[in-house]
>>> print(open('model-v4.csv').read())   # CSV, C-alpha atoms
chain,number,residue,atom,x,y,z
A,18,MET,CA,4.4,-27.4,-2.0
A,19,THR,CA,2.8,-28.6,-5.3
A,20,VAL,CA,-0.4,-26.7,-6.3
A,21,PRO,CA,-1.7,-26.7,-10.0
A,22,VAL,CA,-0.8,-23.3,-11.5
A,23,GLN,CA,-4.4,-22.9,-12.8
A,24,ARG,CA,-5.7,-23.2,-9.2
A,25,LEU,CA,-3.4,-20.4,-7.8
A,26,VAL,CA,-4.3,-16.8,-7.5
A,27,ALA,CA,-2.1,-13.8,-6.5
A,28,ALA,CA,-3.4,-10.3,-5.6
A,29,LEU,CA,-1.4,-7.1,-5.2
A,30,ASP,CA,-2.8,-3.9,-3.5
A,31,LEU,CA,-0.9,-0.7,-4.0
A,32,GLY,CA,-2.1,1.4,-1.1
A,33,SER,CA,-1.1,4.8,0.0
A,34,THR,CA,0.6,3.6,3.2
A,35,LYS,CA,1.6,0.0,2.3
A,36,VAL,CA,1.8,-2.5,-0.5
A,37,THR,CA,0.1,-5.9,0.3
A,38,ALA,CA,0.5,-9.2,-1.6
A,39,ILE,CA,-1.7,-12.3,-1.1
A,40,ILE,CA,-1.2,-15.7,-2.7
A,41,GLY,CA,-3.9,-18.4,-2.4
A,42,GLU,CA,-5.2,-21.6,-3.7
A,43,VAL,CA,-8.7,-21.8,-5.2
A,44,THR,CA,-10.9,-24.4,-3.5
A,45,GLY,CA,-14.2,-26.0,-4.5
A,46,ASP,CA,-16.0,-25.6,-7.8
A,47,SER,CA,-18.3,-23.1,-9.5
A,48,ARG,CA,-21.2,-24.0,-7.2
A,49,SER,CA,-19.2,-23.7,-4.0
A,50,TRP,CA,-15.8,-22.0,-4.2
A,51,GLY,CA,-13.4,-20.6,-1.7
A,52,LEU,CA,-9.8,-19.5,-1.2
A,53,ARG,CA,-7.0,-21.0,1.0
A,54,ILE,CA,-4.6,-18.3,2.0
A,55,LEU,CA,-1.0,-19.6,1.4
A,56,GLY,CA,1.1,-16.5,1.7
A,57,VAL,CA,0.8,-12.8,2.8
A,58,GLY,CA,3.4,-10.0,2.4
A,59,SER,CA,3.2,-6.4,3.4
A,60,GLU,CA,5.6,-3.5,3.1
A,61,ARG,CA,5.2,0.1,4.1
A,62,SER,CA,5.4,2.5,1.2
A,63,THR,CA,5.1,6.2,0.3
A,64,GLY,CA,5.1,5.7,-3.4
A,65,VAL,CA,1.3,5.9,-4.1
A,66,ARG,CA,-1.1,8.7,-3.3
A,67,ARG,CA,-4.8,8.4,-3.9
A,68,GLY,CA,-4.4,5.5,-6.3
A,69,ILE,CA,-1.6,7.2,-8.4
A,70,ILE,CA,2.0,6.2,-8.4
A,71,ARG,CA,4.0,9.3,-7.3
A,72,ASP,CA,7.4,7.6,-6.7
A,73,PHE,CA,8.1,4.9,-9.2
A,74,GLU,CA,11.3,3.4,-7.7
A,75,GLU,CA,9.8,3.4,-4.1
A,76,THR,CA,6.7,1.6,-5.4
A,77,VAL,CA,8.8,-1.0,-7.3
A,78,ARG,CA,10.8,-1.6,-4.1
A,79,ALA,CA,7.7,-2.1,-2.0
A,80,ILE,CA,6.1,-4.4,-4.6
A,81,THR,CA,9.3,-6.6,-4.7
A,82,LYS,CA,9.4,-6.9,-0.9
A,83,ALA,CA,5.7,-7.7,-0.4
A,84,MET,CA,5.5,-10.2,-3.3
A,85,THR,CA,8.8,-11.9,-2.3
A,86,ASP,CA,7.7,-12.2,1.3
A,87,ALA,CA,4.3,-13.7,0.2
A,88,GLU,CA,6.1,-16.2,-2.1
A,89,ARG,CA,8.5,-17.2,0.6
A,90,ILE,CA,5.7,-17.9,3.1
A,91,ALA,CA,3.6,-19.8,0.4
A,92,GLY,CA,6.6,-21.7,-0.8
A,93,ILE,CA,5.5,-21.0,-4.3
A,94,GLU,CA,6.6,-18.5,-7.0
A,95,VAL,CA,3.9,-16.8,-9.1
A,96,GLY,CA,4.0,-14.7,-12.2
A,97,THR,CA,0.7,-13.0,-12.7
A,98,VAL,CA,-1.4,-10.9,-10.3
A,99,TYR,CA,-4.8,-9.4,-9.9
A,100,CYS,CA,-4.4,-5.7,-8.8
A,101,GLY,CA,-6.8,-2.9,-7.9
A,102,ALA,CA,-7.5,0.5,-9.1
A,103,GLY,CA,-9.0,3.3,-7.0
A,104,GLY,CA,-8.8,6.8,-5.8
A,105,GLU,CA,-8.9,9.8,-8.2
A,106,GLN,CA,-8.2,7.7,-11.3
A,107,ILE,CA,-11.7,6.1,-11.4
A,108,ALA,CA,-14.5,7.6,-13.5
A,109,GLN,CA,-18.1,6.4,-13.9
A,110,ARG,CA,-21.0,6.9,-16.2
A,111,ILE,CA,-24.3,5.2,-17.2
A,112,SER,CA,-24.5,4.0,-20.8
A,113,HIS,CA,-27.4,2.6,-22.8
A,114,GLY,CA,-27.5,0.0,-25.6
A,115,VAL,CA,-30.2,-1.6,-27.8
A,116,ALA,CA,-30.2,-4.8,-29.8
A,117,SER,CA,-32.7,-6.9,-31.7
A,118,VAL,CA,-33.8,-10.3,-30.2
A,119,THR,CA,-32.6,-12.9,-32.7
A,120,GLY,CA,-35.3,-15.5,-31.9
A,121,SER,CA,-38.7,-15.5,-30.2
A,122,GLU,CA,-37.3,-14.9,-26.7
A,123,VAL,CA,-34.3,-13.2,-25.1
A,124,ARG,CA,-31.2,-15.4,-24.9
A,125,THR,CA,-27.8,-15.1,-23.3
A,126,SER,CA,-26.3,-14.2,-26.7
A,127,ASP,CA,-28.8,-11.3,-27.0
A,128,LEU,CA,-27.7,-9.9,-23.6
A,129,ALA,CA,-24.1,-10.3,-24.6
A,130,ARG,CA,-24.7,-8.2,-27.7
A,131,VAL,CA,-26.7,-5.5,-26.0
A,132,ASN,CA,-24.2,-5.2,-23.2
A,133,ASP,CA,-21.4,-5.1,-25.7
A,134,VAL,CA,-23.2,-2.3,-27.5
A,135,ALA,CA,-23.7,-0.3,-24.3
A,136,SER,CA,-20.0,-0.7,-23.3
A,137,THR,CA,-18.6,0.1,-26.7
A,138,VAL,CA,-18.7,3.9,-26.3
A,139,SER,CA,-16.2,6.7,-26.3
A,140,PHE,CA,-14.7,7.1,-22.9
A,141,GLY,CA,-12.8,10.2,-23.7
A,142,HIS,CA,-9.1,10.9,-23.5
A,143,ASP,CA,-6.9,8.7,-21.4
A,144,GLN,CA,-9.6,6.3,-20.1
A,145,GLU,CA,-9.6,2.5,-20.1
A,146,LEU,CA,-12.7,0.4,-19.5
A,147,LEU,CA,-12.5,-1.8,-16.4
A,148,HIS,CA,-16.1,-2.9,-15.8
A,149,ALA,CA,-19.5,-2.7,-17.5
A,150,ILE,CA,-22.2,-3.7,-14.9
A,151,PRO,CA,-25.8,-4.1,-16.2
A,152,HIS,CA,-28.2,-2.4,-14.0
A,153,ASP,CA,-31.5,-2.8,-15.7
A,154,TYR,CA,-33.0,-4.2,-18.9
A,155,LEU,CA,-36.0,-3.2,-21.0
A,156,VAL,CA,-37.8,-5.7,-23.2
A,157,ASP,CA,-39.9,-4.0,-26.0
A,158,GLY,CA,-39.8,-0.8,-23.9
A,159,GLN,CA,-40.9,-2.3,-20.7
A,160,PRO,CA,-38.4,-1.7,-17.8
A,161,GLY,CA,-37.6,-3.5,-14.6
A,162,TYR,CA,-36.0,-6.7,-15.8
A,163,ALA,CA,-32.9,-7.7,-13.9
A,164,ASP,CA,-32.6,-11.0,-15.9
A,165,PRO,CA,-34.8,-11.0,-19.0
A,166,ILE,CA,-33.5,-14.3,-20.4
A,167,GLY,CA,-36.6,-16.3,-21.6
A,168,MET,CA,-38.8,-13.3,-22.0
A,169,ALA,CA,-40.7,-13.0,-25.3
A,170,GLY,CA,-39.9,-9.9,-27.3
A,171,GLU,CA,-38.3,-8.3,-30.3
A,172,ARG,CA,-36.1,-5.6,-28.8
A,173,VAL,CA,-33.9,-5.6,-25.7
A,174,GLU,CA,-32.3,-2.5,-24.1
A,175,ALA,CA,-29.6,-2.3,-21.4
A,176,GLU,CA,-28.7,0.3,-18.8
A,177,VAL,CA,-25.0,-0.3,-18.0
A,178,TYR,CA,-22.9,1.2,-15.3
A,179,ILE,CA,-19.4,1.9,-16.8
A,180,LEU,CA,-16.3,2.2,-14.7
A,181,THR,CA,-13.1,3.4,-16.3
A,182,ALA,CA,-9.6,4.3,-15.1
A,183,ARG,CA,-6.9,6.6,-16.4
A,184,SER,CA,-4.9,4.7,-19.1
A,185,SER,CA,-1.7,6.5,-18.2
A,186,ALA,CA,-2.1,5.7,-14.5
A,187,LEU,CA,-2.8,2.0,-15.2
A,188,ALA,CA,0.2,1.9,-17.6
A,189,HIS,CA,2.4,3.3,-14.9
A,190,GLN,CA,1.1,0.7,-12.5
A,191,ARG,CA,1.6,-2.2,-14.9
A,192,LYS,CA,5.1,-0.9,-15.6
A,193,ALA,CA,6.0,-0.8,-11.9
A,194,ILE,CA,4.7,-4.3,-11.3
A,195,GLU,CA,6.5,-5.6,-14.4
A,196,LYS,CA,9.8,-4.0,-13.4
A,197,ALA,CA,9.5,-5.8,-10.0
A,198,GLY,CA,9.2,-9.1,-11.9
A,199,TRP,CA,5.5,-9.9,-12.2
A,200,HIS,CA,2.7,-9.3,-14.7
A,201,VAL,CA,-0.8,-7.8,-14.3
A,202,GLY,CA,-3.6,-10.2,-15.4
A,203,GLU,CA,-6.6,-8.1,-14.5
A,204,VAL,CA,-7.3,-4.8,-12.9
A,205,VAL,CA,-10.4,-4.5,-10.6
A,206,VAL,CA,-12.0,-1.4,-9.1
A,207,GLU,CA,-11.1,-1.5,-5.4
A,208,PRO,CA,-14.6,-1.1,-3.9
A,209,LEU,CA,-15.9,-3.9,-6.1
A,210,ALA,CA,-13.1,-6.1,-4.8
A,211,ALA,CA,-13.5,-5.1,-1.2
A,212,SER,CA,-17.2,-5.9,-1.3
A,213,LEU,CA,-16.4,-9.6,-2.0
A,214,ALA,CA,-14.3,-9.7,1.1
A,215,VAL,CA,-16.7,-7.9,3.6
A,216,LEU,CA,-20.2,-7.8,2.3
A,217,THR,CA,-22.6,-10.7,2.5
A,218,PRO,CA,-24.8,-11.6,-0.5
A,219,GLU,CA,-27.8,-10.5,1.5
A,220,GLU,CA,-26.3,-7.0,2.1
A,221,ARG,CA,-25.4,-6.6,-1.6
A,222,GLU,CA,-29.0,-7.7,-2.6
A,223,MET,CA,-31.0,-5.7,0.0
A,224,GLY,CA,-28.8,-2.6,-0.2
A,225,ALA,CA,-25.8,-1.4,1.7
A,226,VAL,CA,-23.2,1.4,1.8
A,227,LEU,CA,-19.5,0.3,1.9
A,228,VAL,CA,-17.2,3.0,3.4
A,229,ASP,CA,-13.5,2.2,3.0
A,230,LEU,CA,-11.4,4.4,5.3
A,231,GLY,CA,-8.0,4.1,3.6
A,232,GLY,CA,-4.7,5.9,4.3
A,233,GLY,CA,-4.8,8.1,1.2
A,234,SER,CA,-8.5,8.3,0.3
A,235,THR,CA,-11.9,7.2,1.5
A,236,SER,CA,-14.1,5.3,-1.0
A,237,VAL,CA,-17.9,5.2,-0.8
A,238,ALA,CA,-19.8,2.4,-2.7
A,239,ILE,CA,-23.5,1.7,-2.9
A,240,PHE,CA,-24.7,-1.8,-3.5
A,241,GLN,CA,-28.3,-2.8,-4.2
A,242,GLY,CA,-29.9,-5.6,-6.1
A,243,GLY,CA,-26.7,-7.6,-6.0
A,244,LYS,CA,-24.7,-5.0,-8.0
A,245,LEU,CA,-22.5,-1.9,-7.5
A,246,ARG,CA,-24.7,1.1,-8.2
A,247,HIS,CA,-22.4,4.0,-7.4
A,248,THR,CA,-18.9,4.7,-6.2
A,249,ALA,CA,-16.8,7.7,-5.3
A,250,SER,CA,-13.5,8.7,-3.8
A,251,LEU,CA,-13.1,11.3,-1.1
A,252,ARG,CA,-9.9,13.2,-0.5
A,253,PHE,CA,-9.9,13.0,3.3
A,254,ALA,CA,-8.6,9.8,4.9
A,255,GLY,CA,-6.3,8.3,7.5
A,256,GLY,CA,-3.3,10.5,6.4
A,257,HIS,CA,-5.3,13.6,7.4
A,258,LEU,CA,-5.9,12.1,10.8
A,259,THR,CA,-2.2,11.8,11.3
A,260,SER,CA,-1.6,15.3,10.1
A,261,ASP,CA,-4.2,16.6,12.5
A,262,LEU,CA,-2.5,14.9,15.4
A,263,VAL,CA,0.9,16.3,14.3
A,264,HIS,CA,-0.4,19.8,14.4
A,265,GLY,CA,-2.8,19.5,17.3
A,266,LEU,CA,-0.3,17.8,19.7
A,267,ARG,CA,3.0,19.2,18.2
A,268,VAL,CA,4.5,15.7,17.7
A,269,THR,CA,6.4,14.1,14.9
A,270,GLN,CA,4.7,12.1,12.1
A,271,ALA,CA,6.0,8.8,13.6
A,272,GLU,CA,4.7,9.7,17.1
A,273,ALA,CA,1.3,10.7,15.6
A,274,GLU,CA,1.0,7.3,13.9
A,275,ARG,CA,1.9,5.6,17.2
A,276,LEU,CA,-0.6,7.5,19.2
A,277,LYS,CA,-3.3,7.0,16.6
A,278,GLU,CA,-2.8,3.2,16.5
A,279,ARG,CA,-2.3,2.7,20.3
A,280,TRP,CA,-4.4,5.4,22.0
A,281,GLY,CA,-6.7,6.7,19.2
A,282,ALA,CA,-10.4,6.6,19.2
A,283,ALA,CA,-13.1,7.7,16.7
A,284,TYR,CA,-15.7,8.5,19.3
A,285,GLU,CA,-14.8,11.0,22.0
A,286,PRO,CA,-17.5,10.1,24.6
A,287,LEU,CA,-16.0,6.6,24.9
A,288,ILE,CA,-12.8,7.9,26.5
A,289,SER,CA,-12.6,8.9,30.2
A,290,GLU,CA,-11.6,12.5,31.0
A,291,ASN,CA,-9.2,11.2,33.6
A,292,GLU,CA,-7.1,9.0,31.3
A,293,VAL,CA,-3.6,10.4,30.5
A,294,VAL,CA,-0.9,9.2,28.2
A,295,GLU,CA,2.7,10.2,27.6
A,296,VAL,CA,3.5,11.9,24.4
A,297,SER,CA,6.9,12.7,22.9
A,298,THR,CA,6.6,16.3,21.6
A,299,THR,CA,8.8,18.1,19.1
A,300,ALA,CA,9.7,20.7,21.7
A,301,GLY,CA,12.6,18.6,23.0
A,302,HIS,CA,11.3,18.6,26.6
A,303,GLY,CA,10.9,14.8,26.8
A,304,PRO,CA,7.6,12.9,27.3
A,305,GLN,CA,4.7,15.1,28.2
A,306,PRO,CA,1.3,14.1,29.7
A,307,VAL,CA,-1.7,14.5,27.4
A,308,GLN,CA,-5.3,13.6,28.0
A,309,ARG,CA,-6.2,10.7,25.9
A,310,ARG,CA,-9.6,12.4,25.3
A,311,LEU,CA,-7.8,15.2,23.4
A,312,ILE,CA,-6.4,12.6,21.0
A,313,ALA,CA,-9.9,11.2,20.6
A,314,HIS,CA,-11.4,14.7,20.1
A,315,ILE,CA,-9.0,15.4,17.2
A,316,MET,CA,-9.7,12.0,15.6
A,317,HIS,CA,-13.5,12.3,16.3
A,318,MET,CA,-13.7,15.7,14.5
A,319,ARG,CA,-11.9,14.6,11.4
A,320,LEU,CA,-13.6,11.2,11.1
A,321,GLN,CA,-17.0,12.9,11.6
A,322,GLU,CA,-16.2,15.2,8.7
A,323,VAL,CA,-15.2,12.3,6.5
A,324,LEU,CA,-18.3,10.3,7.3
A,325,GLU,CA,-20.5,13.3,6.7
A,326,LEU,CA,-18.9,13.7,3.3
A,327,ALA,CA,-19.6,10.0,2.7
A,328,TYR,CA,-23.3,10.5,3.7
A,329,ASP,CA,-23.6,13.6,1.4
A,330,GLU,CA,-22.2,11.5,-1.4
A,331,VAL,CA,-24.9,8.8,-0.9
A,332,ALA,CA,-27.6,11.5,-0.9
A,333,ARG,CA,-26.0,13.2,-4.0
A,334,ALA,CA,-26.2,9.9,-5.8
A,335,GLY,CA,-29.9,9.8,-5.3
A,336,TRP,CA,-30.1,7.2,-2.5
A,337,ALA,CA,-31.8,7.4,0.9
A,338,MET,CA,-30.7,5.2,3.7
A,339,ALA,CA,-34.2,3.9,4.0
A,340,GLY,CA,-33.7,2.3,0.6
A,341,LEU,CA,-30.5,0.7,1.8
A,342,PRO,CA,-31.8,-1.4,4.8
A,343,SER,CA,-28.5,-3.3,5.4
A,344,GLY,CA,-27.0,0.0,6.5
A,345,VAL,CA,-23.3,0.8,6.4
A,346,VAL,CA,-20.3,-1.5,6.5
A,347,VAL,CA,-17.1,0.3,7.5
A,348,THR,CA,-13.8,-1.2,6.4
A,349,GLY,CA,-10.2,-0.1,5.7
A,350,GLY,CA,-7.5,0.8,8.2
A,351,GLY,CA,-9.6,3.6,9.8
A,352,ALA,CA,-12.3,1.0,10.7
A,353,ALA,CA,-9.9,-0.3,13.4
A,354,ALA,CA,-10.3,2.9,15.5
A,355,PRO,CA,-12.4,2.2,18.7
A,356,GLY,CA,-15.8,3.9,18.4
A,357,ILE,CA,-16.0,4.0,14.6
A,358,VAL,CA,-19.3,2.1,14.7
A,359,GLU,CA,-20.9,4.6,17.2
A,360,LEU,CA,-19.7,7.6,15.2
A,361,THR,CA,-20.9,6.2,11.9
A,362,ARG,CA,-24.2,5.3,13.4
A,363,ASP,CA,-24.6,8.9,14.6
A,364,VAL,CA,-23.9,10.3,11.1
A,365,PHE,CA,-25.9,7.8,9.0
A,366,ALA,CA,-28.7,7.0,11.5
A,367,ALA,CA,-28.6,3.4,10.1
A,368,PRO,CA,-27.3,0.0,11.2
A,369,VAL,CA,-23.5,-0.1,11.1
A,370,ARG,CA,-20.9,-2.9,11.4
A,371,ILE,CA,-17.2,-3.3,10.7
A,372,GLY,CA,-16.2,-5.3,7.6
A,373,VAL,CA,-13.6,-7.9,8.3
A,374,PRO,CA,-12.6,-10.5,5.7
A,375,ALA,CA,-13.5,-14.0,6.8
A,376,ASP,CA,-16.1,-15.8,4.7
A,377,GLN,CA,-14.9,-18.3,2.0
A,378,LEU,CA,-11.4,-18.2,3.5
A,379,ARG,CA,-9.2,-21.0,4.8
A,380,GLY,CA,-5.5,-21.3,5.5
A,381,LEU,CA,-3.7,-18.3,7.0
A,382,VAL,CA,-6.9,-16.5,7.8
A,383,ASP,CA,-5.5,-14.9,11.0
A,384,ARG,CA,-3.0,-13.0,8.7
A,385,VAL,CA,-5.8,-11.3,6.8
A,386,ALA,CA,-8.6,-11.0,9.3
A,387,SER,CA,-8.3,-7.2,9.5
A,388,PRO,CA,-10.5,-4.4,8.0
A,389,GLY,CA,-7.4,-2.8,6.6
A,390,LEU,CA,-6.9,-5.8,4.2
A,391,ALA,CA,-10.4,-5.8,2.7
A,392,VAL,CA,-9.1,-4.7,-0.8
A,393,PRO,CA,-6.2,-7.2,-1.2
A,394,VAL,CA,-8.3,-10.1,0.2
A,395,GLY,CA,-11.1,-9.0,-2.2
A,396,LEU,CA,-8.8,-9.0,-5.1
A,397,ALA,CA,-7.7,-12.5,-4.3
A,398,LEU,CA,-11.3,-13.6,-3.9
A,399,TRP,CA,-12.2,-12.0,-7.2
A,400,GLY,CA,-9.5,-14.1,-8.9
A,401,ALA,CA,-10.6,-17.2,-7.1
A,402,ARG,CA,-14.2,-16.7,-8.3
A,403,GLN,CA,-13.0,-16.1,-11.8
A,404,VAL,CA,-10.9,-19.3,-11.7
A,405,ALA,CA,-13.8,-21.3,-10.2
A,406,MET,CA,-16.1,-20.1,-12.9
A,407,GLY,CA,-13.7,-21.1,-15.6
A,408,GLY,CA,-13.0,-17.5,-16.7
A,409,GLY,CA,-9.9,-16.6,-14.8
A,410,PHE,CA,-6.2,-17.3,-15.1
A,411,GLY,CA,-3.7,-19.1,-12.9
A,412,ALA,CA,-1.1,-17.1,-11.1
A,413,GLY,CA,1.6,-18.7,-13.3
A,414,GLY,CA,0.4,-17.0,-16.5
A,415,LYS,CA,-2.4,-15.5,-18.6
A,416,SER,CA,-4.7,-16.6,-21.4
A,417,SER,CA,-3.3,-15.9,-24.9
A,418,PRO,CA,-3.9,-12.3,-26.0
A,419,ALA,CA,-5.9,-13.5,-29.0
A,420,VAL,CA,-8.3,-15.5,-26.8
A,421,GLY,CA,-8.6,-12.6,-24.4
A,422,ARG,CA,-9.6,-10.2,-27.1
A,423,VAL,CA,-12.4,-12.5,-28.3
A,424,LEU,CA,-13.8,-13.3,-24.8
A,425,GLU,CA,-13.3,-10.0,-23.2
A,426,PRO,CA,-16.7,-8.3,-24.0
A,427,VAL,CA,-18.7,-11.2,-22.7
A,428,ARG,CA,-16.5,-12.0,-19.8
A,429,ARG,CA,-16.4,-8.3,-18.7
A,430,TRP,CA,-20.1,-8.1,-18.0
A,431,LEU,CA,-20.6,-11.7,-17.0
A,432,GLN,CA,-18.0,-11.4,-14.2
A,433,ASP,CA,-19.8,-8.5,-12.6
A,434,PHE,CA,-22.8,-10.6,-11.6
A,435,PHE,CA,-22.5,-11.6,-8.0
>>> encode(input="model-v4.csv", output="structure tokens")
Amino acid sequence: MTVPVQRLVAALDLGSTKVTAIIGEVTGDSRSWGLRILGVGSERSTGVRRGIIRDFEETVRAITKAMTDAERIAGIEVGTVYCGAGGEQIAQRISHGVASVTGSEVRTSDLARVNDVASTVSFGHDQELLHAIPHDYLVDGQPGYADPIGMAGERVEAEVYILTARSSALAHQRKAIEKAGWHVGEVVVEPLAASLAVLTPEEREMGAVLVDLGGGSTSVAIFQGGKLRHTASLRFAGGHLTSDLVHGLRVTQAEAERLKERWGAAYEPLISENEVVEVSTTAGHGPQPVQRRLIAHIMHMRLQEVLELAYDEVARAGWAMAGLPSGVVVTGGGAAAPGIVELTRDVFAAPVRIGVPADQLRGLVDRVASPGLAVPVGLALWGARQVAMGGGFGAGGKSSPAVGRVLEPVRRWLQDFF
């Protein structure tokens, strides 16, 4: 297969339960772009917990397997990947900047300067800037401008949402990927990437909550006015569901995973009291009958706790669901549990749907049409958008470091406009 290197993108998601790689070809142009999925690779892994590499060699092994499988399916070798950052390594803050208007009205160059001023702050020890997202602008002290270009004034101020990650964690991640044989081109905060895969432009504009039920952590992200307004990572996630089943049913970890995937449910009332399944217990007595509703009860209790924590996070961030009329979009591996929509609706008292990657995709769409792949698909879409807009890199290599240093401040805030 012959595809121009500059039109290829590759994404790598280091999750708590698996590593996923996606290779795609960018289609269209800056006005109408998309992604054709060429290759997908996935490998189970225990090397990462809550976004931090805990077992370096295990992570390298899983990266190598996932990337090699994706390359084999695509029939193409790649060198550079977009990868995500999430979990406990992400920090956030609001920063302010001010700059003079150089002419009689605000221009793009003025916004570039004021955003650069706002993002050029001290992040503290062991922090690396990933995104600086402008939330609001003031012109001569008057607030409420989402896009003040063309406004007459002498002074422009910016309120910018800063997202950083631990430098040491990112360095460890880059080192693992490089040891496996690839290079990191850009690191993207995972909820921001996932939103590209599962949220519509209307949902991001009107206001929505994205809840990603992952294996090692649950992320909560608030979008409004087309921008990410808040994100947080919760400790409870799919791994806790498995542990609850292990202890509640006295089964092995592997059996708990099987039961969760085959017979699990997030909403107990959906399951009949008469339905019985066979369970292999650790007592050595062979398969034992267990009410499926007991499995659902254990999962219901834990998922309700997780969703209530997510709801509390939204409230703590100063948002009410009335101000987020698009409601909640649930994604991640946990979103596959039957009844998750009903349970989430009970907790949030808002419209709820499951987020499955589909829009802007062609090619091997069936291989990625799962809520558990929202992050890797989103990373690939992020890269595709960057390439289509002329600000990204092909999967075969990166821009020169010198060019990257010059363009980085402007590109960093421009790329965060949806």
>>> closest_residue(input="model-v4.csv", among="A:His314, A:Lys82, A:Leu216, A:Val296", to="Pro374 of chain A", atoms="all atoms listed in the file")
A:Leu216
>>> atom_distance(input="model-v4.csv", atom1="atom CA of Thr37 of chain A", atom2="atom CA of Ala254 of chain A")
18.5 Å
>>> atom_distance(input="model-v4.csv", atom1="atom CA of Leu287 of chain A", atom2="atom CA of Val369 of chain A")
17.1 Å
>>> residues_around(input="model-v4.csv", residues="segment 197-210 of chain A", least_positions_apart="2", cutoff="6 Å", atoms="all atoms listed in the file", output="mmCIF file with C-alpha atoms, in the frame of the given file")
data_model
loop_
_atom_site.group_PDB
_atom_site.id
_atom_site.type_symbol
_atom_site.label_atom_id
_atom_site.label_comp_id
_atom_site.auth_asym_id
_atom_site.auth_seq_id
_atom_site.Cartn_x
_atom_site.Cartn_y
_atom_site.Cartn_z
ATOM 1 C CA VAL A 77 8.800 -1.000 -7.300
ATOM 2 C CA THR A 81 9.300 -6.600 -4.700
ATOM 3 C CA GLY A 96 4.000 -14.700 -12.200
ATOM 4 C CA THR A 97 0.700 -13.000 -12.700
ATOM 5 C CA VAL A 98 -1.400 -10.900 -10.300
ATOM 6 C CA TYR A 99 -4.800 -9.400 -9.900
ATOM 7 C CA CYS A 100 -4.400 -5.700 -8.800
ATOM 8 C CA GLY A 101 -6.800 -2.900 -7.900
ATOM 9 C CA ALA A 102 -7.500 0.500 -9.100
ATOM 10 C CA GLY A 103 -9.000 3.300 -7.000
ATOM 11 C CA ILE A 194 4.700 -4.300 -11.300
ATOM 12 C CA GLU A 195 6.500 -5.600 -14.400
ATOM 13 C CA SER A 212 -17.200 -5.900 -1.300
ATOM 14 C CA LEU A 213 -16.400 -9.600 -2.000
ATOM 15 C CA VAL A 392 -9.100 -4.700 -0.800
ATOM 16 C CA GLY A 395 -11.100 -9.000 -2.200
ATOM 17 C CA LEU A 396 -8.800 -9.000 -5.100
#
>>> closest_atom_pairs(input="model-v4.csv", of="segment 242-305 of chain A", to="segment 228-237 of chain A", cutoff="10 Å", atoms="all atoms listed in the file", output="CSV")
residue,atom,partner,partner_atom,distance
A:His247,CA,A:Val237,CA,8.1
A:Thr248,CA,A:Val237,CA,5.5
A:Ala249,CA,A:Val237,CA,5.3
A:Ser250,CA,A:Ser236,CA,4.4
A:Leu251,CA,A:Thr235,CA,5.0
A:Arg252,CA,A:Ser234,CA,5.2
A:Phe253,CA,A:Ser234,CA,5.7
A:Ala254,CA,A:Ser234,CA,4.8
A:Gly255,CA,A:Gly232,CA,4.3
A:Gly256,CA,A:Gly232,CA,5.2
A:His257,CA,A:Gly233,CA,8.3
A:Leu258,CA,A:Gly232,CA,9.1
A:Thr259,CA,A:Gly232,CA,9.5
>>> write_last_selection(input="model-v4.csv", atoms="C-alpha atoms", output="compact mmCIF listing (two decimals), in the coordinates of the input")
# COMPACT_ATOMS: atom_id res chain seq x y z
CA HIS A 247 -22.40 4.00 -7.40
CA THR A 248 -18.90 4.70 -6.20
CA ALA A 249 -16.80 7.70 -5.30
CA SER A 250 -13.50 8.70 -3.80
CA LEU A 251 -13.10 11.30 -1.10
CA ARG A 252 -9.90 13.20 -0.50
CA PHE A 253 -9.90 13.00 3.30
CA ALA A 254 -8.60 9.80 4.90
CA GLY A 255 -6.30 8.30 7.50
CA GLY A 256 -3.30 10.50 6.40
CA HIS A 257 -5.30 13.60 7.40
CA LEU A 258 -5.90 12.10 10.80
CA THR A 259 -2.20 11.80 11.30
>>> residues_around(input="model-v4.csv", residues="Thr181 of chain A", least_positions_apart="4", cutoff="8 Å", atoms="all atoms listed in the file", output="list in words")
Ile107, Ala108, Gln109, Phe140, Gln144, Glu145, Leu146, Leu147 and His148 of chain A
>>> closest_residue(input="model-v4.csv", among="A:Ile70, A:Ile80, A:Ala283, A:Met406", to="Ser185 of chain A", atoms="only C-alpha atoms")
A:Ile70
>>> atom_distance(input="model-v4.csv", atom1="atom CA of Leu341 of chain A", atom2="atom CA of Gly224 of chain A")
4.2 Å
>>> residues_around(input="model-v4.csv", residues="segment 123-133 of chain A", least_positions_apart="5", cutoff="8 Å", atoms="only C-alpha atoms", output="PyMOL selection string")
chain A and resi 114-118+149+151+165-170+173-175+177+426-427+430
>>> closest_residue(input="model-v4.csv", among="A:Met223, A:Asp143, A:Gly281, A:Leu390", to="Val36 of chain A", atoms="only C-alpha atoms")
A:Leu390
>>> closest_residue(input="model-v4.csv", among="A:Arg379, A:Arg183, A:His152, A:Arg71", to="Val394 of chain A", atoms="all atoms listed in the file")
A:Arg379
>>> residues_around(input="model-v4.csv", residues="Val263 of chain A", least_positions_apart="3", cutoff="12 Å", atoms="only C-alpha atoms", output="number ranges by chain")
A: 256-260, 266-277, 296-299, 312, 315-316
>>> closest_residue(input="model-v4.csv", among="A:Gly64, A:Gly158, A:Gly349, A:Gly340", to="Thr34 of chain A", atoms="only C-alpha atoms")
A:Gly64
